[in-house]
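Below is one structure; the comments refer to it alone.
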Amino acid sequence: MRPPLTNEGTGVYFDIMKNIEKIRSERLARMFAALGNPHRLAIFERLRRVGTERCHDNNPELCVCDVAAGTGLSMSTVSHHLKELRAAQLVVSEKRGQSVYCTISPTALELIASFAGEAPAVGRQGQRKAA
């Protein structure tokens, strides 16, 4: 393990790994807060499924109007939820003409997957599974 960096003469202490972990934790907290809303979670899951289903044709995105059609919510409500998902860096959008296309951020999926992969496996009764 590398020693922490110090700014010589100032007494300022830099622990880069600590800062990286803090940034990662804050980003995960924003992501999970955004996904705490059932409508945003449903929108995120819909976009995630589309990305999985359409990966073979290199079109893992949906137009906002298609997202709205699948949720039963109004366009303005879906737009608001997508804005929150973008702010949490979960969704990326691109405007083409008058339409806006959305897709899941690959880095967001990687971050969530790595976080979930760090958690111990839990059995049915809440007991940790033996490795």
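Ordered as shown in the structure tokens, chains take letters A, B, and onward, while each chain numbers its residues from 1 and ligands are numbered from 1 in the order shown.
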Find the residues near Ile104 (chain A): any atom within 9 Å, counting only C-alpha atoms, skip ones fewer than 4 places away on the same chain, and give them as a PyMOL selection string. chain A and resi 44+47-48+51+60-61+89-93+108-109
Neighbour list for His81 (chain A) as a PyMOL selection string, cut-off 10 Å, only C-alpha atoms, skip fewer than 4 positions in-chain: chain A and resi 34-35+37+39-41+43-44+75-77+85-87
DSSP says helix (DSSP H, G or I) for which residues of region 14-83 of chain A? Put them as number ranges by chain? A: 16-35, 38-53, 55-57, 64-69, 75-83
Of the candidates A:Gly36, A:Ala42, A:Val64, A:Pro106, which one gets nearest to Lys83 (chain A) if we count only C-alpha atoms? A:Val64
Residues within 12 Å of Leu111 (chain A), only C-alpha atoms, excluding chain neighbours under 2 positions, as a list in words: Glu21, Ile23, Arg24, Ser25, Glu26, Arg27, Leu28, Ala29, Met31, Phe32, Gln89, Leu90, Ser105, Pro106, Thr107, Ala108, Leu109, Ala113, Ser114, Phe115, Ala116, Gly117 and Glu118 of chain A
